[in-house]
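The file entry_5.pdb comes next; it holds PDB, C-alpha atoms.
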```pdb
ATOM      1  CA  MET A 202       0.000   0.000   0.000
ATOM      2  CA  THR A 203       1.466   3.376  -1.003
ATOM      3  CA  THR A 204       1.874   6.320   1.364
ATOM      4  CA  THR A 205      -0.981   8.144  -0.373
ATOM      5  CA  ARG A 206      -3.259   5.124  -0.070
ATOM      6  CA  ARG A 207      -2.382   4.643   3.613
ATOM      7  CA  THR A 208      -2.975   8.331   4.353
ATOM      8  CA  CYS A 209      -6.326   8.431   2.585
ATOM      9  CA  LEU A 210      -7.467   5.108   4.061
ATOM     10  CA  ALA A 211      -6.605   6.306   7.561
ATOM     11  CA  GLY A 212      -8.495   9.549   6.984
ATOM     12  CA  LEU A 213     -11.544   7.793   5.610
ATOM     13  CA  ALA A 214     -11.627   5.220   8.403
ATOM     14  CA  GLY A 215     -10.916   7.650  11.210
ATOM     15  CA  GLY A 216     -13.478  10.339  10.582
ATOM     16  CA  GLY A 217     -14.962  10.050   7.142
ATOM     17  CA  PHE A 218     -14.079  11.664   3.851
ATOM     18  CA  LEU A 219     -15.320  15.103   4.893
ATOM     19  CA  THR A 220     -13.152  15.105   8.018
ATOM     20  CA  SER A 221     -10.114  14.455   5.868
ATOM     21  CA  LEU A 222     -10.999  17.370   3.610
ATOM     22  CA  GLY A 223     -11.566  19.608   6.621
ATOM     23  CA  ALA A 224      -8.093  18.826   7.886
ATOM     24  CA  LEU A 225      -6.732  19.602   4.436
ATOM     25  CA  ALA A 226      -8.097  23.152   4.570
ATOM     26  CA  ALA A 227      -6.888  23.761   8.114
ATOM     27  CA  THR A 228      -3.348  22.423   7.964
ATOM     28  CA  PRO A 229      -1.967  22.099   4.439
ATOM     29  CA  SER A 230       0.972  19.733   4.292
ATOM     30  CA  GLY A 231       2.540  17.091   2.099
ATOM     31  CA  SER A 232      -0.210  14.561   2.781
ATOM     32  CA  GLU A 233      -2.923  17.081   1.885
ATOM     33  CA  ALA A 234      -1.095  17.878  -1.335
ATOM     34  CA  ASP A 235      -1.200  14.145  -2.078
ATOM     35  CA  ALA A 236      -4.957  14.195  -1.499
ATOM     36  CA  LEU A 237      -5.391  17.066  -3.961
ATOM     37  CA  ALA A 238      -3.231  15.217  -6.476
ATOM     38  CA  LEU A 239      -5.854  12.456  -6.581
ATOM     39  CA  PHE A 240      -8.022  14.687  -8.744
ATOM     40  CA  GLY A 241      -5.386  14.551 -11.450
ATOM     41  CA  LYS A 242      -4.753  10.829 -11.010
ATOM     42  CA  ARG A 243      -8.298   9.616 -11.553
ATOM     43  CA  GLN A 244      -8.492   7.864 -14.917
ATOM     44  CA  SER A 245     -11.063   5.811 -16.776
ATOM     45  CA  VAL A 246     -10.026   2.157 -16.485
ATOM     46  CA  ARG A 247     -11.468  -0.414 -18.887
ATOM     47  CA  ARG A 248      -9.664  -3.603 -17.881
ATOM     48  CA  TYR A 249      -9.167  -5.027 -14.381
ATOM     49  CA  LYS A 250      -7.427  -7.761 -12.456
ATOM     50  CA  ALA A 251      -9.547 -10.378 -10.711
ATOM     51  CA  ASP A 252      -8.240  -9.380  -7.256
ATOM     52  CA  PRO A 253     -11.174  -9.037  -4.830
ATOM     53  CA  VAL A 254     -12.047  -5.666  -3.307
ATOM     54  CA  PRO A 255     -12.408  -6.046   0.486
ATOM     55  CA  GLU A 256     -15.813  -5.102   1.835
ATOM     56  CA  GLU A 257     -14.083  -2.685   4.198
ATOM     57  CA  HIS A 258     -12.819  -0.735   1.206
ATOM     58  CA  LEU A 259     -16.186  -0.842  -0.548
ATOM     59  CA  ARG A 260     -17.877   0.592   2.519
ATOM     60  CA  LEU A 261     -15.324   3.407   2.714
ATOM     61  CA  ILE A 262     -15.867   4.228  -0.964
ATOM     62  CA  LEU A 263     -19.657   4.189  -0.638
ATOM     63  CA  ASP A 264     -19.512   6.243   2.553
ATOM     64  CA  ALA A 265     -17.550   8.896   0.682
ATOM     65  CA  ALA A 266     -20.133   8.874  -2.123
ATOM     66  CA  ARG A 267     -23.042   9.513   0.238
ATOM     67  CA  HIS A 268     -21.370  12.738   1.423
ATOM     68  CA  ALA A 269     -21.653  14.371  -2.005
ATOM     69  CA  PRO A 270     -23.529  17.694  -2.267
ATOM     70  CA  THR A 271     -27.259  17.278  -2.715
ATOM     71  CA  SER A 272     -30.271  19.519  -3.355
ATOM     72  CA  GLY A 273     -31.969  20.409  -0.086
ATOM     73  CA  ASN A 274     -30.084  17.545   1.582
ATOM     74  CA  GLN A 275     -32.506  15.159  -0.102
ATOM     75  CA  GLN A 276     -29.853  12.446  -0.633
ATOM     76  CA  PRO A 277     -31.793  10.627  -3.368
ATOM     77  CA  TRP A 278     -29.137   7.976  -3.993
ATOM     78  CA  LYS A 279     -29.137   4.224  -4.042
ATOM     79  CA  PHE A 280     -25.898   2.336  -4.636
ATOM     80  CA  LEU A 281     -26.536  -1.168  -5.953
ATOM     81  CA  VAL A 282     -23.404  -3.269  -5.403
ATOM     82  CA  ILE A 283     -22.949  -6.332  -7.628
ATOM     83  CA  ARG A 284     -20.300  -8.958  -6.815
ATOM     84  CA  ASP A 285     -22.055 -12.094  -8.114
ATOM     85  CA  ARG A 286     -20.015 -13.254 -11.133
ATOM     86  CA  ALA A 287     -23.061 -14.938 -12.664
ATOM     87  CA  LYS A 288     -24.887 -11.589 -12.745
ATOM     88  CA  ILE A 289     -21.846  -9.827 -14.184
ATOM     89  CA  ASP A 290     -21.543 -12.458 -16.924
ATOM     90  CA  ARG A 291     -25.255 -12.112 -17.648
ATOM     91  CA  LEU A 292     -24.849  -8.348 -18.065
ATOM     92  CA  ARG A 293     -22.066  -8.976 -20.583
ATOM     93  CA  GLU A 294     -24.118 -11.490 -22.555
ATOM     94  CA  ARG A 295     -27.177  -9.243 -22.723
ATOM     95  CA  CYS A 296     -25.016  -6.306 -23.853
ATOM     96  CA  LEU A 297     -23.654  -8.463 -26.660
ATOM     97  CA  ASP A 298     -27.173  -9.576 -27.593
ATOM     98  CA  ARG A 299     -28.254  -5.952 -27.964
ATOM     99  CA  HIS A 300     -25.068  -4.891 -29.731
ATOM    100  CA  LEU A 301     -25.135  -7.819 -32.180
ATOM    101  CA  PRO A 302     -28.716  -8.763 -33.000
ATOM    102  CA  ARG A 303     -29.003 -12.070 -34.834
ATOM    103  CA  HIS A 304     -30.339 -11.819 -38.381
ATOM    104  CA  ALA A 305     -32.324 -14.788 -39.647
ATOM    105  CA  GLU A 306     -30.435 -14.961 -42.934
ATOM    106  CA  GLU A 307     -26.994 -14.774 -41.311
ATOM    107  CA  PRO A 308     -24.992 -18.026 -41.240
ATOM    108  CA  GLU A 309     -24.310 -19.355 -37.756
ATOM    109  CA  ALA A 310     -20.531 -19.319 -38.260
ATOM    110  CA  ASP A 311     -20.549 -15.679 -39.332
ATOM    111  CA  TYR A 312     -22.598 -14.669 -36.320
ATOM    112  CA  LYS A 313     -20.312 -16.529 -33.912
ATOM    113  CA  ALA A 314     -17.241 -14.900 -35.468
ATOM    114  CA  ARG A 315     -18.774 -11.431 -35.123
ATOM    115  CA  ARG A 316     -19.765 -12.125 -31.532
ATOM    116  CA  GLU A 317     -16.301 -13.408 -30.569
ATOM    117  CA  THR A 318     -14.670 -10.317 -32.074
ATOM    118  CA  ALA A 319     -17.075  -8.006 -30.257
ATOM    119  CA  ALA A 320     -16.640  -9.900 -26.981
ATOM    120  CA  LYS A 321     -12.868  -9.424 -27.092
ATOM    121  CA  GLY A 322     -13.136  -5.687 -27.598
ATOM    122  CA  PHE A 323     -16.006  -5.258 -25.166
ATOM    123  CA  GLY A 324     -14.992  -7.733 -22.501
ATOM    124  CA  GLY A 325     -12.631  -5.504 -20.547
ATOM    125  CA  TYR A 326     -15.567  -3.667 -19.020
ATOM    126  CA  PHE A 327     -16.626  -6.927 -17.349
ATOM    127  CA  THR A 328     -13.327  -8.039 -15.841
ATOM    128  CA  ALA A 329     -13.729  -6.232 -12.499
ATOM    129  CA  PRO A 330     -14.791  -8.084  -9.329
ATOM    130  CA  VAL A 331     -17.311  -5.410  -8.282
ATOM    131  CA  TYR A 332     -19.813  -3.152 -10.032
ATOM    132  CA  VAL A 333     -21.774  -0.294  -8.512
ATOM    133  CA  VAL A 334     -24.949   0.951 -10.149
ATOM    134  CA  VAL A 335     -25.465   4.570  -9.072
ATOM    135  CA  LEU A 336     -29.198   5.313  -8.949
ATOM    136  CA  THR A 337     -31.491   8.135  -7.927
ATOM    137  CA  ASP A 338     -34.996   7.726  -6.526
ATOM    138  CA  SER A 339     -37.774   9.374  -8.552
ATOM    139  CA  GLN A 340     -39.777   9.551  -5.317
ATOM    140  CA  SER A 341     -37.162  11.725  -3.591
ATOM    141  CA  THR A 342     -38.039  15.072  -2.024
ATOM    142  CA  TYR A 343     -36.918  17.111  -5.052
ATOM    143  CA  PRO A 344     -36.865  14.645  -7.961
ATOM    144  CA  THR A 345     -36.360  17.322 -10.619
ATOM    145  CA  TYR A 346     -32.909  17.944  -9.103
ATOM    146  CA  ASN A 347     -31.840  14.298  -9.140
ATOM    147  CA  HIS A 348     -30.005  14.779 -12.414
ATOM    148  CA  HIS A 349     -27.693  17.205 -10.574
ATOM    149  CA  ASP A 350     -27.243  15.133  -7.425
ATOM    150  CA  GLY A 351     -26.599  11.764  -9.049
ATOM    151  CA  PRO A 352     -23.396  12.580 -10.983
ATOM    152  CA  LEU A 353     -21.956  14.315  -7.922
ATOM    153  CA  ALA A 354     -22.281  11.121  -5.900
ATOM    154  CA  ALA A 355     -20.707   9.137  -8.741
ATOM    155  CA  GLY A 356     -17.786  11.568  -8.840
ATOM    156  CA  TYR A 357     -17.183  11.253  -5.106
ATOM    157  CA  LEU A 358     -17.310   7.469  -5.421
ATOM    158  CA  MET A 359     -14.702   7.452  -8.181
ATOM    159  CA  LEU A 360     -12.328   9.754  -6.320
ATOM    160  CA  ALA A 361     -12.616   7.670  -3.145
ATOM    161  CA  ALA A 362     -11.913   4.517  -5.133
ATOM    162  CA  ARG A 363      -8.812   6.132  -6.632
ATOM    163  CA  ALA A 364      -7.657   7.163  -3.157
ATOM    164  CA  LEU A 365      -7.601   3.491  -2.221
ATOM    165  CA  GLY A 366      -5.778   2.479  -5.400
ATOM    166  CA  TYR A 367      -8.750   1.223  -7.433
ATOM    167  CA  GLY A 368      -9.867   2.085 -10.925
ATOM    168  CA  THR A 369     -13.354   3.026 -12.130
ATOM    169  CA  VAL A 370     -15.058   4.228 -15.305
ATOM    170  CA  TYR A 371     -18.312   6.155 -15.752
ATOM    171  CA  ILE A 372     -20.346   3.823 -17.993
ATOM    172  CA  THR A 373     -23.642   4.790 -19.610
ATOM    173  CA  ASP A 374     -24.350   3.587 -23.169
ATOM    174  CA  SER A 375     -21.804   0.744 -23.207
ATOM    175  CA  ILE A 376     -23.925  -1.066 -20.617
ATOM    176  CA  PRO A 377     -27.420   0.221 -21.412
ATOM    177  CA  GLU A 378     -29.751   1.128 -18.579
ATOM    178  CA  ALA A 379     -32.343  -1.290 -19.943
ATOM    179  CA  VAL A 380     -29.856  -4.144 -19.529
ATOM    180  CA  THR A 381     -29.170  -3.314 -15.886
ATOM    181  CA  GLN A 382     -32.900  -3.010 -15.209
ATOM    182  CA  GLU A 383     -33.584  -6.368 -16.817
ATOM    183  CA  VAL A 384     -30.705  -8.401 -15.389
ATOM    184  CA  LEU A 385     -30.630  -6.823 -11.931
ATOM    185  CA  GLY A 386     -34.370  -6.362 -11.476
ATOM    186  CA  ILE A 387     -34.180  -2.634 -10.718
ATOM    187  CA  PRO A 388     -37.620  -1.106  -9.979
ATOM    188  CA  GLU A 389     -38.828   1.590 -12.366
ATOM    189  CA  ARG A 390     -38.817   4.246  -9.637
ATOM    190  CA  TYR A 391     -34.995   4.298  -9.764
ATOM    191  CA  LYS A 392     -33.201   6.176 -12.538
ATOM    192  CA  ARG A 393     -29.697   5.028 -13.333
ATOM    193  CA  VAL A 394     -26.926   7.622 -13.333
ATOM    194  CA  CYS A 395     -24.147   5.250 -14.367
ATOM    195  CA  ILE A 396     -22.631   1.873 -13.633
ATOM    196  CA  THR A 397     -18.959   1.624 -12.722
ATOM    197  CA  PRO A 398     -16.594  -1.272 -12.182
ATOM    198  CA  ILE A 399     -14.338  -1.068  -9.130
ATOM    199  CA  GLY A 400     -11.122  -3.029  -9.121
ATOM    200  CA  VAL A 401      -7.358  -3.110  -9.388
ATOM    201  CA  PRO A 402      -6.465  -1.932 -12.904
ATOM    202  CA  ASP A 403      -4.769  -4.357 -15.233
ATOM    203  CA  GLY A 404      -2.280  -1.551 -15.822
ATOM    204  CA  TRP A 405      -3.140   2.119 -15.464
ATOM    205  CA  PRO A 406      -3.926   3.781 -18.805
ATOM    206  CA  GLU A 407      -1.660   6.497 -20.109
ATOM    207  CA  ALA A 408      -2.757   9.868 -18.787
ATOM    208  CA  LYS A 409      -4.543  12.011 -21.357
ATOM    209  CA  ALA A 410      -3.680  15.653 -21.858
ATOM    210  CA  LYS A 411      -6.042  18.153 -20.264
ATOM    211  CA  LYS A 412      -6.718  21.684 -21.349
ATOM    212  CA  LYS A 413      -4.701  24.335 -19.566
ATOM    213  CA  LEU A 414      -6.407  26.113 -16.688
ATOM    214  CA  GLU A 415      -6.103  29.425 -18.543
ATOM    215  CA  GLU A 416      -8.280  28.034 -21.342
ATOM    216  CA  LEU A 417     -11.115  27.218 -18.965
ATOM    217  CA  VAL A 418     -11.203  30.011 -16.392
ATOM    218  CA  ALA A 419     -12.512  33.544 -16.825
ATOM    219  CA  TRP A 420     -12.093  36.123 -14.065
ATOM    220  CA  GLU A 421     -15.041  38.500 -13.538
ATOM    221  CA  THR A 422     -16.233  38.463 -17.181
ATOM    222  CA  LEU A 423     -16.210  36.390 -20.325
TER     223      LEU A 423
END
```
Let me see the file written as C-alpha cells.
Amino acid sequence: MTTTRRTCLAGLAGGGFLTSLGALAATPSGSEADALALFGKRQSVRRYKADPVPEEHLRLILDAARHAPTSGNQQPWKFLVIRDRAKIDRLRERCLDRHLPRHAEEPEADYKARRETAAKGFGGYFTAPVYVVVLTDSQSTYPTYNHHDGPLAAGYLMLAARALGYGTVYITDSIPEAVTQEVLGIPERYKRVCITPIGVPDGWPEAKAKKKLEELVAWETL
C-alpha cells in the first residue's frame, strides 16, 4: 500500500471523507497535497485484475459517495453493489445480444465470429470483481434535481476509489440502462446515473492531456 493510499485510508476510516478534507483546509501539508493530487490521477479504467475488493474498502468508498452535495439535503441515492459473477456475466451477454442482434439470414458461423470479435473488444468492461450501479430515486423530495445530485455522488465514489488504489469508469451507453434493469431487477422508480466497475487496474492507462487552466477560467467576465 502506497503512502498516499495509507494516508487516505486512515483519513476515511478515522473520521470520514469530509473530516479528511476539513483537515486539508486547516493544515496544508505534504499529505494534503497528495490528497489534492488524486483529482489529477483519476483515470477511466477499462480492464481489471480479478483481485477481490475487500468489503471494508467498498464501505469506505460508498460512505464517501453519500457525502456528495445534494439539493436540499434530499440524498436521493441508491448504490446497488454487484459482486455475483453470474450476474456480471449475464450483463455482458445481454449487452452483446443488444449490440449484435441475430439476423435470420446470417450463417451461424458468421454470427459466432462477429460475436467473438465483439466480446474481445467489449470484454474488458466486465473483468472487475465489483460493479456499482449509481441510482437516484424518482420519489425523492426534489426529484427534478436528481439529475444534478446523481453525478456528484458518482464523482465522489470514483475519487474515493482512486484514493484506495482502485480504478473506475463512468459507464452509460456501453452497458445500457435497460440491460441493468432487466438483469438486476431494478424497480422503475430508480433512474440510473451510471454503472462503474471497481477493481485493481490491469495496468493504469496512459494519462490524457487536459486543457490548460487558462483556457477554462474567466475572471469577472467572459
Notebook entry, point to check: Which residues fall under the PyMOL selection byres ((chain A and resi 353) around 12) in this file, as a PyMOL selection string?
Noted result: chain A and resi 265-272+276-278+335-337+346-352+354-360+371+394-395
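The two atoms in question, atom CA of Asp403 of chain A and atom CA of Val254 of chain A, are spaced 14.0 Å apart.
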Notebook entry, point to check: Exactly which residues make up the result of the PyMOL selection byres ((chain A and resi 385) around 10) on this file, given as a list in words?
Noted result: Leu281, Ile283, Lys288, Ile289, Arg291, Leu292, Val334, Ala379, Val380, Thr381, Gln382, Glu383, Val384, Gly386, Ile387 and Pro388 of chain A
Per residue of segment 218-292 of chain A within 12 Å of segment 361-370 of chain A, which atom pair is closest and at what distance in Å (one decimal), using all atoms listed in the file, listed by chain and increasing number, as a tab-separated table?
```
residue	atom	partner	partner_atom	distance
A:Phe218	CA	A:Ala361	CA	8.2
A:Leu219	CA	A:Ala361	CA	11.3
A:Ser221	CA	A:Ala361	CA	11.6
A:Leu222	CA	A:Ala361	CA	11.9
A:Asp235	CA	A:Ala364	CA	9.6
A:Ala236	CA	A:Ala364	CA	7.7
A:Leu237	CA	A:Ala364	CA	10.2
A:Ala238	CA	A:Ala364	CA	9.8
A:Leu239	CA	A:Ala364	CA	6.6
A:Phe240	CA	A:Arg363	CA	8.8
A:Gly241	CA	A:Arg363	CA	10.3
A:Lys242	CA	A:Arg363	CA	7.6
A:Arg243	CA	A:Arg363	CA	6.1
A:Gln244	CA	A:Gly368	CA	7.2
A:Ser245	CA	A:Val370	CA	4.5
A:Val246	CA	A:Thr369	CA	5.5
A:Arg247	CA	A:Val370	CA	6.9
A:Arg248	CA	A:Gly368	CA	9.0
A:Tyr249	CA	A:Gly368	CA	7.9
A:Lys250	CA	A:Gly368	CA	10.3
A:Asp252	CA	A:Tyr367	CA	10.6
A:Pro253	CA	A:Tyr367	CA	10.9
A:Val254	CA	A:Tyr367	CA	8.7
A:Pro255	CA	A:Leu365	CA	11.0
A:Glu257	CA	A:Leu365	CA	11.0
A:His258	CA	A:Leu365	CA	7.5
A:Leu259	CA	A:Ala362	CA	8.2
A:Arg260	CA	A:Ala362	CA	10.5
A:Leu261	CA	A:Ala361	CA	7.7
A:Ile262	CA	A:Ala361	CA	5.2
A:Leu263	CA	A:Ala361	CA	8.2
A:Asp264	CA	A:Ala361	CA	9.1
A:Ala265	CA	A:Ala361	CA	6.4
A:Ala266	CA	A:Ala361	CA	7.7
A:Arg267	CA	A:Ala361	CA	11.1
A:His268	CA	A:Ala361	CA	11.1
A:Ala269	CA	A:Ala361	CA	11.3
```
Next item on the list: Tell me which protein, DNA and RNA residues are within 9 Å of segment 293-299 of chain A, counting only C-alpha atoms, leaving out same-chain ones fewer than 3 positions away, and put them as a ChimeraX atom specification.
Entry: /A:288-290,302-303,316,319-320,323-324,326-327,375-377,380,384
